[in-house]
Amino acid sequence: MKAAAHHYNPTITGFLCAVLMQAIVRLQEETVLNPQRRKAIKVQVPVNLRRLFPSATLRNFSMYCTPELDPRLGSYDFREICKIVRLHMDATI
């Protein structure tokens, strides 16, 4: 999985998020025949902030980013989904 994630350039978390989003896109394509009736896809992804702000706490130190796809705007290939997820995660940090 690490090699596949590096091939598409997101982190492993971003790669798994992109896989989930692609699965939801495909599910909507199969079940919702009218493309204009498909819903936007949003996934909340936790982003670890310990690298940015050194902390000795044992509590969670994270923030969430919400990458989003709108299938009504057209189709996305997997590389585009990975790029969207990566841009959202980088913008959060």
# chains A, B, ... in the order shown; residues from 1 in each chain; ligands from 1
call {"tool": "residues_around", "arguments": {"residues": "region 29-42 of chain A", "least_positions_apart": "5", "cutoff": "9 Å", "atoms": "only C-alpha atoms", "output": "JSON, numbers by chain"}}
result
{"A": [21, 24, 66, 67, 68, 69, 70, 71, 72, 73, 74]}
call {"tool": "write_last_selection", "arguments": {"atoms": "N, CA, C and O atoms", "output": "short mmCIF file (atom, residue, chain, number, x, y, z; two decimals), in the first residue's frame"}}
result
data_model
loop_
_atom_site.label_atom_id
_atom_site.label_comp_id
_atom_site.auth_asym_id
_atom_site.auth_seq_id
_atom_site.Cartn_x
_atom_site.Cartn_y
_atom_site.Cartn_z
N MET A 21 -13.31 7.56 -1.54
CA MET A 21 -14.09 8.49 -2.36
C MET A 21 -14.37 7.90 -3.74
O MET A 21 -15.48 8.05 -4.26
N ILE A 24 -17.20 5.44 -3.46
CA ILE A 24 -18.50 6.10 -3.33
C ILE A 24 -18.95 6.66 -4.68
O ILE A 24 -20.12 6.58 -5.04
N THR A 66 -11.58 18.33 5.05
CA THR A 66 -12.74 17.73 4.39
C THR A 66 -12.59 17.84 2.87
O THR A 66 -13.10 18.78 2.25
N PRO A 67 -11.89 16.87 2.25
CA PRO A 67 -11.84 16.86 0.79
C PRO A 67 -13.24 16.59 0.22
O PRO A 67 -14.03 15.88 0.81
N GLU A 68 -13.51 17.18 -0.92
CA GLU A 68 -14.86 17.09 -1.50
C GLU A 68 -14.79 16.89 -3.00
O GLU A 68 -13.96 17.48 -3.68
N LEU A 69 -15.69 16.05 -3.50
CA LEU A 69 -15.88 15.84 -4.95
C LEU A 69 -17.34 16.09 -5.28
O LEU A 69 -18.22 15.72 -4.52
N ASP A 70 -17.58 16.68 -6.41
CA ASP A 70 -18.96 16.86 -6.87
C ASP A 70 -19.11 16.12 -8.19
O ASP A 70 -18.69 16.60 -9.24
N PRO A 71 -19.72 14.93 -8.17
CA PRO A 71 -19.85 14.14 -9.39
C PRO A 71 -20.73 14.78 -10.45
O PRO A 71 -20.69 14.39 -11.61
N ARG A 72 -21.50 15.80 -10.08
CA ARG A 72 -22.34 16.48 -11.07
C ARG A 72 -21.50 17.32 -12.03
O ARG A 72 -21.97 17.71 -13.08
N LEU A 73 -20.24 17.61 -11.64
CA LEU A 73 -19.38 18.43 -12.48
C LEU A 73 -18.61 17.62 -13.52
O LEU A 73 -17.90 18.18 -14.34
N GLY A 74 -18.72 16.31 -13.46
CA GLY A 74 -18.03 15.45 -14.41
C GLY A 74 -17.41 14.25 -13.71
O GLY A 74 -17.58 14.05 -12.52
#
call {"tool": "residues_around", "arguments": {"residues": "Gln44 (chain A)", "least_positions_apart": "2", "cutoff": "12 Å", "atoms": "only C-alpha atoms", "output": "ChimeraX atom specification"}}
result
/A:13-14,16-18,20-21,41-42,46-47,62-68,85,88-89,92
call {"tool": "residues_around", "arguments": {"residues": "His7 (chain A)", "least_positions_apart": "3", "cutoff": "12 Å", "atoms": "only C-alpha atoms", "output": "PDB file with all heavy atoms, in the first residue's frame"}}
result
ATOM      1  N   MET A   1       0.831  -1.174   0.000  1.00  0.00           N
ATOM      2  CA  MET A   1       0.000   0.000   0.000  1.00  0.00           C
ATOM      3  C   MET A   1       0.886   1.252   0.000  1.00  0.00           C
ATOM      4  O   MET A   1       0.537   2.240  -0.632  1.00  0.00           O
ATOM      5  CB  MET A   1      -0.919   0.000   1.214  1.00  0.00           C
ATOM      6  CG  MET A   1      -1.825   1.158   1.216  1.00  0.00           C
ATOM      7  SD  MET A   1      -3.173   1.217   2.399  1.00  0.00           S
ATOM      8  CE  MET A   1      -2.827   0.048   3.611  1.00  0.00           C
ATOM      9  N   LYS A   2       2.004   1.180   0.704  1.00  0.00           N
ATOM     10  CA  LYS A   2       2.894   2.336   0.757  1.00  0.00           C
ATOM     11  C   LYS A   2       3.435   2.679  -0.634  1.00  0.00           C
ATOM     12  O   LYS A   2       3.494   3.843  -1.015  1.00  0.00           O
ATOM     13  CB  LYS A   2       4.041   2.047   1.718  1.00  0.00           C
ATOM     14  CG  LYS A   2       4.916   3.223   1.990  1.00  0.00           C
ATOM     15  CD  LYS A   2       5.948   2.893   3.057  1.00  0.00           C
ATOM     16  CE  LYS A   2       6.817   4.075   3.368  1.00  0.00           C
ATOM     17  NZ  LYS A   2       7.822   3.770   4.392  1.00  0.00           N
ATOM     18  N   ALA A   3       3.794   1.664  -1.405  1.00  0.00           N
ATOM     19  CA  ALA A   3       4.302   1.900  -2.760  1.00  0.00           C
ATOM     20  C   ALA A   3       3.213   2.491  -3.659  1.00  0.00           C
ATOM     21  O   ALA A   3       3.473   3.407  -4.451  1.00  0.00           O
ATOM     22  CB  ALA A   3       4.824   0.595  -3.353  1.00  0.00           C
ATOM     23  N   ALA A   4       1.995   2.004  -3.517  1.00  0.00           N
ATOM     24  CA  ALA A   4       0.887   2.536  -4.320  1.00  0.00           C
ATOM     25  C   ALA A   4       0.595   3.986  -3.935  1.00  0.00           C
ATOM     26  O   ALA A   4       0.336   4.824  -4.803  1.00  0.00           O
ATOM     27  CB  ALA A   4      -0.361   1.683  -4.134  1.00  0.00           C
ATOM     28  N   PRO A  10      -0.067  10.970  -2.689  1.00  0.00           N
ATOM     29  CA  PRO A  10      -0.586  11.417  -1.398  1.00  0.00           C
ATOM     30  C   PRO A  10       0.078  10.637  -0.262  1.00  0.00           C
ATOM     31  O   PRO A  10       0.888   9.744  -0.498  1.00  0.00           O
ATOM     32  CB  PRO A  10      -2.073  11.094  -1.475  1.00  0.00           C
ATOM     33  CG  PRO A  10      -2.124   9.879  -2.304  1.00  0.00           C
ATOM     34  CD  PRO A  10      -0.990  10.028  -3.306  1.00  0.00           C
ATOM     35  N   THR A  11      -0.269  10.970   0.945  1.00  0.00           N
ATOM     36  CA  THR A  11       0.161  10.176   2.082  1.00  0.00           C
ATOM     37  C   THR A  11      -0.664   8.895   2.095  1.00  0.00           C
ATOM     38  O   THR A  11      -1.620   8.746   1.315  1.00  0.00           O
ATOM     39  CB  THR A  11      -0.083  10.943   3.392  1.00  0.00           C
ATOM     40  OG1 THR A  11      -1.491  11.201   3.507  1.00  0.00           O
ATOM     41  CG2 THR A  11       0.679  12.251   3.422  1.00  0.00           C
ATOM     42  N   ILE A  12      -0.341   7.979   2.978  1.00  0.00           N
ATOM     43  CA  ILE A  12      -1.125   6.736   3.064  1.00  0.00           C
ATOM     44  C   ILE A  12      -2.556   7.053   3.485  1.00  0.00           C
ATOM     45  O   ILE A  12      -3.513   6.501   2.942  1.00  0.00           O
ATOM     46  CB  ILE A  12      -0.458   5.734   4.018  1.00  0.00           C
ATOM     47  CG1 ILE A  12       0.858   5.259   3.398  1.00  0.00           C
ATOM     48  CG2 ILE A  12      -1.376   4.555   4.311  1.00  0.00           C
ATOM     49  CD1 ILE A  12       1.676   4.338   4.265  1.00  0.00           C
ATOM     50  N   PHE A  15      -4.249   8.470   0.510  1.00  0.00           N
ATOM     51  CA  PHE A  15      -4.501   7.410  -0.460  1.00  0.00           C
ATOM     52  C   PHE A  15      -5.751   6.620  -0.080  1.00  0.00           C
ATOM     53  O   PHE A  15      -6.619   6.366  -0.913  1.00  0.00           O
ATOM     54  CB  PHE A  15      -3.287   6.483  -0.543  1.00  0.00           C
ATOM     55  CG  PHE A  15      -3.454   5.337  -1.488  1.00  0.00           C
ATOM     56  CD1 PHE A  15      -3.381   5.540  -2.858  1.00  0.00           C
ATOM     57  CD2 PHE A  15      -3.665   4.056  -1.015  1.00  0.00           C
ATOM     58  CE1 PHE A  15      -3.532   4.473  -3.736  1.00  0.00           C
ATOM     59  CE2 PHE A  15      -3.814   2.992  -1.881  1.00  0.00           C
ATOM     60  CZ  PHE A  15      -3.750   3.210  -3.253  1.00  0.00           C
ATOM     61  N   PHE A  78      -8.711   8.313 -10.842  1.00  0.00           N
ATOM     62  CA  PHE A  78      -8.139   8.127  -9.511  1.00  0.00           C
ATOM     63  C   PHE A  78      -7.009   9.114  -9.240  1.00  0.00           C
ATOM     64  O   PHE A  78      -6.875   9.618  -8.131  1.00  0.00           O
ATOM     65  CB  PHE A  78      -7.662   6.680  -9.336  1.00  0.00           C
ATOM     66  CG  PHE A  78      -7.237   6.390  -7.932  1.00  0.00           C
ATOM     67  CD1 PHE A  78      -8.163   6.360  -6.904  1.00  0.00           C
ATOM     68  CD2 PHE A  78      -5.907   6.173  -7.623  1.00  0.00           C
ATOM     69  CE1 PHE A  78      -7.788   6.108  -5.603  1.00  0.00           C
ATOM     70  CE2 PHE A  78      -5.512   5.912  -6.331  1.00  0.00           C
ATOM     71  CZ  PHE A  78      -6.454   5.879  -5.315  1.00  0.00           C
ATOM     72  N   ARG A  79      -6.229   9.421 -10.222  1.00  0.00           N
ATOM     73  CA  ARG A  79      -5.114  10.372 -10.034  1.00  0.00           C
ATOM     74  C   ARG A  79      -5.653  11.768  -9.662  1.00  0.00           C
ATOM     75  O   ARG A  79      -5.084  12.446  -8.807  1.00  0.00           O
ATOM     76  CB  ARG A  79      -4.264  10.444 -11.297  1.00  0.00           C
ATOM     77  CG  ARG A  79      -2.987  11.229 -11.123  1.00  0.00           C
ATOM     78  CD  ARG A  79      -2.059  11.065 -12.299  1.00  0.00           C
ATOM     79  NE  ARG A  79      -1.645   9.694 -12.548  1.00  0.00           N
ATOM     80  CZ  ARG A  79      -0.650   9.068 -11.911  1.00  0.00           C
ATOM     81  NH1 ARG A  79       0.005   9.689 -10.977  1.00  0.00           N
ATOM     82  NH2 ARG A  79      -0.334   7.839 -12.225  1.00  0.00           N
ATOM     83  N   CYS A  82      -6.785  11.687  -6.014  1.00  0.00           N
ATOM     84  CA  CYS A  82      -5.616  11.755  -5.135  1.00  0.00           C
ATOM     85  C   CYS A  82      -5.074  13.179  -5.045  1.00  0.00           C
ATOM     86  O   CYS A  82      -4.686  13.640  -3.970  1.00  0.00           O
ATOM     87  CB  CYS A  82      -4.522  10.808  -5.623  1.00  0.00           C
ATOM     88  SG  CYS A  82      -4.865   9.084  -5.331  1.00  0.00           S
ATOM     89  N   LYS A  83      -5.065  13.875  -6.161  1.00  0.00           N
ATOM     90  CA  LYS A  83      -4.562  15.246  -6.183  1.00  0.00           C
ATOM     91  C   LYS A  83      -5.466  16.175  -5.371  1.00  0.00           C
ATOM     92  O   LYS A  83      -4.985  17.028  -4.624  1.00  0.00           O
ATOM     93  CB  LYS A  83      -4.453  15.736  -7.625  1.00  0.00           C
ATOM     94  CG  LYS A  83      -3.738  17.035  -7.772  1.00  0.00           C
ATOM     95  CD  LYS A  83      -3.519  17.356  -9.238  1.00  0.00           C
ATOM     96  CE  LYS A  83      -2.661  18.591  -9.390  1.00  0.00           C
ATOM     97  NZ  LYS A  83      -2.373  18.900 -10.784  1.00  0.00           N
TER      98      LYS A  83
END
call {"tool": "closest_residue", "arguments": {"among": "A:Val43, A:Asp77, A:Gln22, A:Ile84", "to": "Asn9 (chain A)", "atoms": "only C-alpha atoms"}}
result
A:Ile84
call {"tool": "select_by_dssp", "arguments": {"residues": "chain A", "states": "helix (DSSP H, G or I)", "output": "ChimeraX atom specification"}}
result
/A:2-8,12-31,35-37,71-73,78-92
call {"tool": "select_by_dssp", "arguments": {"residues": "region 18-66 of chain A", "states": "strand (DSSP E or B)", "output": "list in words"}}
result
Ile41, Lys42, Val45, Pro46, Val47, Asn48, Ser62, Met63, Tyr64 and Cys65 of chain A
call {"tool": "atom_distance", "arguments": {"atom1": "CA of Arg26 (chain A)", "atom2": "CA of Ser75 (chain A)"}}
result
10.0 Å
call {"tool": "atom_distance", "arguments": {"atom1": "CA of Phe61 (chain A)", "atom2": "CA of Asn48 (chain A)"}}
result
6.4 Å
